[in-house]
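The next block holds one structure in the form of C-alpha cells; read it before the comments.
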Amino acid sequence: MSAPPLLRIDFAARAESLADVRAAVQRALATQHVDARAAARIVLAIDEACANIIRHAYRGCGDGHIALRIERRRGVLRFRLRDRAPAVDPGCVKPRDLSECRPGGLGINIIDDTMDHWRLRPLKHRCGNVLTMVRRLHARKA
Amino acid sequence: MMDKGSELRREGDWAVLRIWGEVDLSWSQDVRRQVLEAYAKAKWLAVQLDGVSYIDSSGIAALVEGFQHARSKGGRFALLAPSEAVRAVLELARLDRVFPIFADLDAARAG
C-alpha cells in the first residue's frame with residue numbers, strides 16, 4: 001500500500017490562488033525537513049507550473065481548476081498537477097535560450113533546473129493535461 | 001505597512017520605484033505598468049527590491065521590460081538592493097549578469 005500523499009489540493013486556476021498554493025507546498029515540504037534553499041526552489045517551480053497552466057492552458061479564463069498532489073517515495077518527491085484545459089502539445093513546452101534577454105518564457109527553465117525530470121502529458125480521452133515533476137531529495141545541489 | 005505595495009519617488013534625475021511583498025502572477029502586470037509609467041517621471045529608473053520576499057518569472061519579466069525600455073530610449077535602469085529571494089531568481093535566469101545591480105541609489109549614480 002502506498003503512503004498517503006503529503007498534499008492533495010484542488011484550487012481555482014486563478015492567479016489569486018497562487019499565494020495559498022505556495023504556502024501549502026511550503027508546509028508540506030517542511031514536514032519532510034527539506035532544507036530552506038531547496039524548498040524555496042521547489043515552491044518557485046510549482047508556482048511557475050501553476051502560472052503556466054493558468055496563463056497558457058486555461059488562457060486566463062479563470063473558470064478552471066487545478067489539482068496538485070505531492071507524494072514522497074523513499075528519497076524522491078513527486079509532484080503531479082492536473083488540469084482540465086484543452087490539450088497542450090508537449091513539444092511546444094521547452095526551456096528557452098537564456099542568453100536572450102527578453103521578458104517571459106522563464107517558467108519552464110525554472111522547472112527544468114529545479115526538478116530532476118518532468119513530463120507533460122495531455123490526456124487522451126478526456127480534456128486536460130498532467131504535469132509530473134520529480135525531485136530527488138539527496139545527492140543534489142539546491 | 002501593507003503586505004505588498006509600491007511607492008514612487010523622485011530623486012534628482014532618477015525615479016525610484018520601491019516594491020515590497022510577494023510579486024507573482026496576481027500582481028506582476030500591475031508592477032509592469034508601474035515600471036513603464038515611472039519613465040514619465042524621469043529618464044532614469046531604479047527599482048528598489050529589498051522588501052520583495054518572493055518573485056516569480058512574471059515579476060522578473062516586468063523588470064526585463066523596464067530594462068529594455070531604458071535601453072531603447074537611451075535611459076538608465078538599475079536594480080537596487082535585491083533581496084535574497086530576488087537574487088536567487090535573477091541568478092537562475094542568468095539575469096544577474098545583465099541587469100545593473102547596485103546596493104543603493106548613490107552607487108547607481110556612481111556606476
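Simple scheme: letters A, B, ... for chains in C-alpha cells order, numbers from 1 for residues in each chain, numbers from 1 for ligands in the order shown.
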
>> Using only C-alpha atoms and a distance of at most 8 Å, pull out the residues of chain A that contact chain B, as a list of chain:residue names.
In response: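 Close enough to count are A:Ala15, A:Glu16, A:Leu18, A:Leu44, A:Asp47, A:Glu48, A:Ala51, A:Leu98, A:Ser99, A:Cys101, A:Arg102, A:Pro103, A:Gly104, A:Gly105, A:Leu106, A:Gly107, A:Asn109, A:Ile110.
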
Who sits within 9 Å of range 67-82 of chain A, only C-alpha atoms, same chain under 2 positions skipped, as a PDB file with N, CA and C atoms, in the first residue's frame:
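The resulting selection17.pdb:
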ATOM      1  N   SER A   2       0.576   2.195  -0.851  1.00  0.00           N
ATOM      2  CA  SER A   2       1.422   3.384  -0.932  1.00  0.00           C
ATOM      3  C   SER A   2       1.095   4.342   0.213  1.00  0.00           C
ATOM      4  N   ALA A   3       2.098   5.169   0.541  1.00  0.00           N
ATOM      5  CA  ALA A   3       1.916   6.140   1.618  1.00  0.00           C
ATOM      6  C   ALA A   3       0.917   7.208   1.184  1.00  0.00           C
ATOM      7  N   PRO A   4       0.200   7.786   2.144  1.00  0.00           N
ATOM      8  CA  PRO A   4      -0.740   8.855   1.770  1.00  0.00           C
ATOM      9  C   PRO A   4       0.033  10.056   1.222  1.00  0.00           C
ATOM     10  N   PRO A   5      -0.606  10.845   0.360  1.00  0.00           N
ATOM     11  CA  PRO A   5       0.113  11.999  -0.193  1.00  0.00           C
ATOM     12  C   PRO A   5       0.461  13.011   0.892  1.00  0.00           C
ATOM     13  N   LEU A   6       1.536  13.728   0.653  1.00  0.00           N
ATOM     14  CA  LEU A   6       1.907  14.814   1.573  1.00  0.00           C
ATOM     15  C   LEU A   6       0.937  15.972   1.438  1.00  0.00           C
ATOM     16  N   LEU A   7       0.405  16.116   0.238  1.00  0.00           N
ATOM     17  CA  LEU A   7      -0.526  17.222  -0.020  1.00  0.00           C
ATOM     18  C   LEU A   7      -1.412  16.840  -1.190  1.00  0.00           C
ATOM     19  N   ARG A   8      -2.675  17.145  -1.051  1.00  0.00           N
ATOM     20  CA  ARG A   8      -3.593  16.961  -2.170  1.00  0.00           C
ATOM     21  C   ARG A   8      -4.599  18.107  -2.103  1.00  0.00           C
ATOM     22  N   ILE A   9      -4.504  19.010  -3.056  1.00  0.00           N
ATOM     23  CA  ILE A   9      -5.407  20.169  -3.054  1.00  0.00           C
ATOM     24  C   ILE A   9      -5.946  20.400  -4.460  1.00  0.00           C
ATOM     25  N   ASP A  10      -7.114  21.002  -4.482  1.00  0.00           N
ATOM     26  CA  ASP A  10      -7.752  21.371  -5.732  1.00  0.00           C
ATOM     27  C   ASP A  10      -8.081  22.861  -5.602  1.00  0.00           C
ATOM     28  N   PHE A  11      -7.674  23.647  -6.582  1.00  0.00           N
ATOM     29  CA  PHE A  11      -7.865  25.088  -6.441  1.00  0.00           C
ATOM     30  C   PHE A  11      -8.251  25.725  -7.772  1.00  0.00           C
ATOM     31  N   ALA A  12      -8.858  26.899  -7.664  1.00  0.00           N
ATOM     32  CA  ALA A  12      -9.275  27.630  -8.864  1.00  0.00           C
ATOM     33  C   ALA A  12      -8.050  28.061  -9.649  1.00  0.00           C
ATOM     34  N   VAL A  21      -1.406  28.371  -2.524  1.00  0.00           N
ATOM     35  CA  VAL A  21      -0.771  27.140  -3.006  1.00  0.00           C
ATOM     36  C   VAL A  21       0.690  27.103  -2.543  1.00  0.00           C
ATOM     37  N   VAL A  25       2.371  24.213  -0.182  1.00  0.00           N
ATOM     38  CA  VAL A  25       3.536  23.427  -0.609  1.00  0.00           C
ATOM     39  C   VAL A  25       4.678  23.600   0.398  1.00  0.00           C
ATOM     40  N   ALA A  28       4.042  21.452   3.349  1.00  0.00           N
ATOM     41  CA  ALA A  28       4.258  20.028   3.046  1.00  0.00           C
ATOM     42  C   ALA A  28       5.748  19.705   3.008  1.00  0.00           C
ATOM     43  N   GLN A  32       8.835  17.290   5.623  1.00  0.00           N
ATOM     44  CA  GLN A  32       9.852  16.349   5.137  1.00  0.00           C
ATOM     45  C   GLN A  32      11.267  16.865   5.405  1.00  0.00           C
ATOM     46  N   ILE A  46       6.869  24.995  -8.652  1.00  0.00           N
ATOM     47  CA  ILE A  46       5.445  24.634  -8.671  1.00  0.00           C
ATOM     48  C   ILE A  46       4.591  25.855  -8.992  1.00  0.00           C
ATOM     49  N   ALA A  49       4.783  26.372 -12.655  1.00  0.00           N
ATOM     50  CA  ALA A  49       3.976  25.388 -13.382  1.00  0.00           C
ATOM     51  C   ALA A  49       2.494  25.768 -13.322  1.00  0.00           C
ATOM     52  N   CYS A  50       2.040  26.158 -12.132  1.00  0.00           N
ATOM     53  CA  CYS A  50       0.629  26.572 -11.991  1.00  0.00           C
ATOM     54  C   CYS A  50       0.349  27.825 -12.826  1.00  0.00           C
ATOM     55  N   HIS A  65      -9.993  24.509 -12.900  1.00  0.00           N
ATOM     56  CA  HIS A  65      -9.400  24.094 -11.632  1.00  0.00           C
ATOM     57  C   HIS A  65      -8.087  23.370 -11.901  1.00  0.00           C
ATOM     58  N   ARG A  84      -7.898  20.655 -16.433  1.00  0.00           N
ATOM     59  CA  ARG A  84      -8.941  20.208 -17.358  1.00  0.00           C
ATOM     60  C   ARG A  84      -9.036  21.166 -18.549  1.00  0.00           C
ATOM     61  N   GLY A 128      -7.809  17.813 -20.684  1.00  0.00           N
ATOM     62  CA  GLY A 128      -6.889  18.054 -19.588  1.00  0.00           C
ATOM     63  C   GLY A 128      -5.469  17.613 -19.869  1.00  0.00           C
ATOM     64  N   ASN A 129      -4.604  17.973 -18.955  1.00  0.00           N
ATOM     65  CA  ASN A 129      -3.179  17.660 -19.058  1.00  0.00           C
ATOM     66  C   ASN A 129      -2.668  17.282 -17.674  1.00  0.00           C
ATOM     67  N   VAL A 130      -1.628  16.485 -17.668  1.00  0.00           N
ATOM     68  CA  VAL A 130      -0.987  16.130 -16.401  1.00  0.00           C
ATOM     69  C   VAL A 130       0.494  16.470 -16.508  1.00  0.00           C
ATOM     70  N   LEU A 131       0.946  17.267 -15.571  1.00  0.00           N
ATOM     71  CA  LEU A 131       2.371  17.581 -15.483  1.00  0.00           C
ATOM     72  C   LEU A 131       2.918  16.855 -14.260  1.00  0.00           C
ATOM     73  N   THR A 132       3.885  16.007 -14.492  1.00  0.00           N
ATOM     74  CA  THR A 132       4.524  15.286 -13.388  1.00  0.00           C
ATOM     75  C   THR A 132       5.968  15.766 -13.267  1.00  0.00           C
ATOM     76  N   MET A 133       6.335  16.127 -12.069  1.00  0.00           N
ATOM     77  CA  MET A 133       7.700  16.609 -11.818  1.00  0.00           C
ATOM     78  C   MET A 133       8.294  15.797 -10.676  1.00  0.00           C
ATOM     79  N   VAL A 134       9.546  15.446 -10.819  1.00  0.00           N
ATOM     80  CA  VAL A 134      10.193  14.593  -9.820  1.00  0.00           C
ATOM     81  C   VAL A 134      11.480  15.257  -9.352  1.00  0.00           C
ATOM     82  N   ARG A 135      11.669  15.203  -8.054  1.00  0.00           N
ATOM     83  CA  ARG A 135      12.877  15.805  -7.484  1.00  0.00           C
ATOM     84  C   ARG A 135      13.437  14.876  -6.406  1.00  0.00           C
ATOM     85  N   ARG A 136      14.690  14.493  -6.588  1.00  0.00           N
ATOM     86  CA  ARG A 136      15.357  13.723  -5.542  1.00  0.00           C
ATOM     87  C   ARG A 136      15.716  14.656  -4.390  1.00  0.00           C
ATOM     88  N   LEU A 137      15.623  14.136  -3.179  1.00  0.00           N
ATOM     89  CA  LEU A 137      15.892  14.999  -2.023  1.00  0.00           C
ATOM     90  C   LEU A 137      17.357  15.053  -1.658  1.00  0.00           C
ATOM     91  N   HIS A 138      18.101  14.008  -2.040  1.00  0.00           N
ATOM     92  CA  HIS A 138      19.502  13.967  -1.626  1.00  0.00           C
ATOM     93  C   HIS A 138      20.398  13.905  -2.846  1.00  0.00           C
TER      94      HIS A 138
END

>> as a PyMOL selection string, please: every residue in range 31-111 of chain B that DSSP puts in alpha helix (DSSP H).
In response: chain B and resi 31-38+57-73+84-92+105-110

>> Excluding Arg76 in chain B and its own-chain neighbours fewer than 6 positions away, which residues fall within 9 Å of it when counting only C-alpha atoms? Please give them as a list in words.
In response: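 My list of contacting residues is Trp14, Lys43, Trp44, Leu45, Ala46, Phe67 and Ala70 of chain B.
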
Can you write just those residues out, N, CA and C atoms, as a compact mmCIF listing (two decimals), in the first residue's frame?
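Saved result, part-v3.txt, follows:
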# COMPACT_ATOMS: atom_id res chain seq x y z
N TRP B 14 16.67 60.72 -11.15
CA TRP B 14 16.17 59.34 -11.05
C TRP B 14 14.74 59.28 -10.51
N LYS B 43 13.92 60.14 -16.73
CA LYS B 43 14.51 59.34 -17.80
C LYS B 43 15.21 58.10 -17.26
N TRP B 44 15.64 58.19 -15.99
CA TRP B 44 16.38 57.10 -15.37
C TRP B 44 15.52 56.47 -14.28
N LEU B 45 15.53 55.15 -14.23
CA LEU B 45 14.67 54.45 -13.26
C LEU B 45 15.47 53.44 -12.45
N ALA B 46 15.27 53.50 -11.14
CA ALA B 46 15.82 52.47 -10.25
C ALA B 46 14.65 51.77 -9.57
N PHE B 67 14.00 47.37 -18.22
CA PHE B 67 15.39 47.44 -18.68
C PHE B 67 15.43 47.68 -20.20
N ALA B 70 14.47 51.25 -21.11
CA ALA B 70 15.57 52.20 -20.90
C ALA B 70 16.58 52.11 -22.04

>> Which residues are near Ala15 in chain B? Cut-off 10 Å, only C-alpha atoms, ignore same chain within fewer than 6 positions. Put them as a list in words.
In response: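 The contact residues come out as Leu8, Arg9, Val35, Ala38, Tyr39, Ala40, Lys41, Ala42, Lys43, Trp44, Leu45, Ala46, Val47 and Phe77 of chain B.
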
Written file, previous selection with N, CA and C atoms, as a compact mmCIF listing (two decimals), in the first residue's frame:
# COMPACT_ATOMS: atom_id res chain seq x y z
N LEU B 8 6.53 55.39 -5.47
CA LEU B 8 7.41 56.01 -6.45
C LEU B 8 7.88 57.35 -5.92
N ARG B 9 9.17 57.58 -5.95
CA ARG B 9 9.69 58.88 -5.54
C ARG B 9 10.69 59.37 -6.57
N VAL B 35 6.29 50.16 -13.57
CA VAL B 35 7.67 50.32 -14.06
C VAL B 35 7.66 51.18 -15.32
N ALA B 38 6.68 54.81 -14.67
CA ALA B 38 7.68 55.59 -13.93
C ALA B 38 8.59 56.38 -14.86
N TYR B 39 8.72 55.90 -16.08
CA TYR B 39 9.56 56.64 -17.04
C TYR B 39 8.96 57.99 -17.42
N ALA B 40 7.69 58.19 -17.09
CA ALA B 40 7.09 59.51 -17.32
C ALA B 40 7.62 60.53 -16.32
N LYS B 41 8.13 60.04 -15.18
CA LYS B 41 8.63 60.94 -14.12
C LYS B 41 10.08 61.31 -14.34
N ALA B 42 10.83 60.41 -14.92
CA ALA B 42 12.27 60.65 -15.09
C ALA B 42 12.80 59.74 -16.18
N LYS B 43 13.92 60.14 -16.73
CA LYS B 43 14.51 59.34 -17.80
C LYS B 43 15.21 58.10 -17.26
N TRP B 44 15.64 58.19 -15.99
CA TRP B 44 16.38 57.10 -15.37
C TRP B 44 15.52 56.47 -14.28
N LEU B 45 15.53 55.15 -14.23
CA LEU B 45 14.67 54.45 -13.26
C LEU B 45 15.47 53.44 -12.45
N ALA B 46 15.27 53.50 -11.14
CA ALA B 46 15.82 52.47 -10.25
C ALA B 46 14.65 51.77 -9.57
N VAL B 47 14.71 50.46 -9.52
CA VAL B 47 13.67 49.68 -8.84
C VAL B 47 14.30 49.09 -7.58
N PHE B 77 18.64 52.16 -16.29
CA PHE B 77 17.77 51.32 -15.46
C PHE B 77 18.66 50.60 -14.47

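Counting only C-alpha atoms, the residue from B:Pro100, B:Gly5, B:Gly75, B:Gly111 that sits nearest to Asp30 in chain B is B:Gly5.
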
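Atom pair CA of Ala39 in chain A / CA of Gln26 in chain A: separated by 6.8 Å.
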
>> So that I can check the secondary structure, give me every residue of chain A assigned strand (DSSP E or B) by backbone DSSP, as a ChimeraX atom specification.
In response: /A:7-12,65-73,76-83,117-122,129-136

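Of the listed residues (A:Met115, A:Cys61, A:Ile54, A:Cys92), A:Met115 comes nearest to Ala38 in chain A; the distances count only C-alpha atoms.
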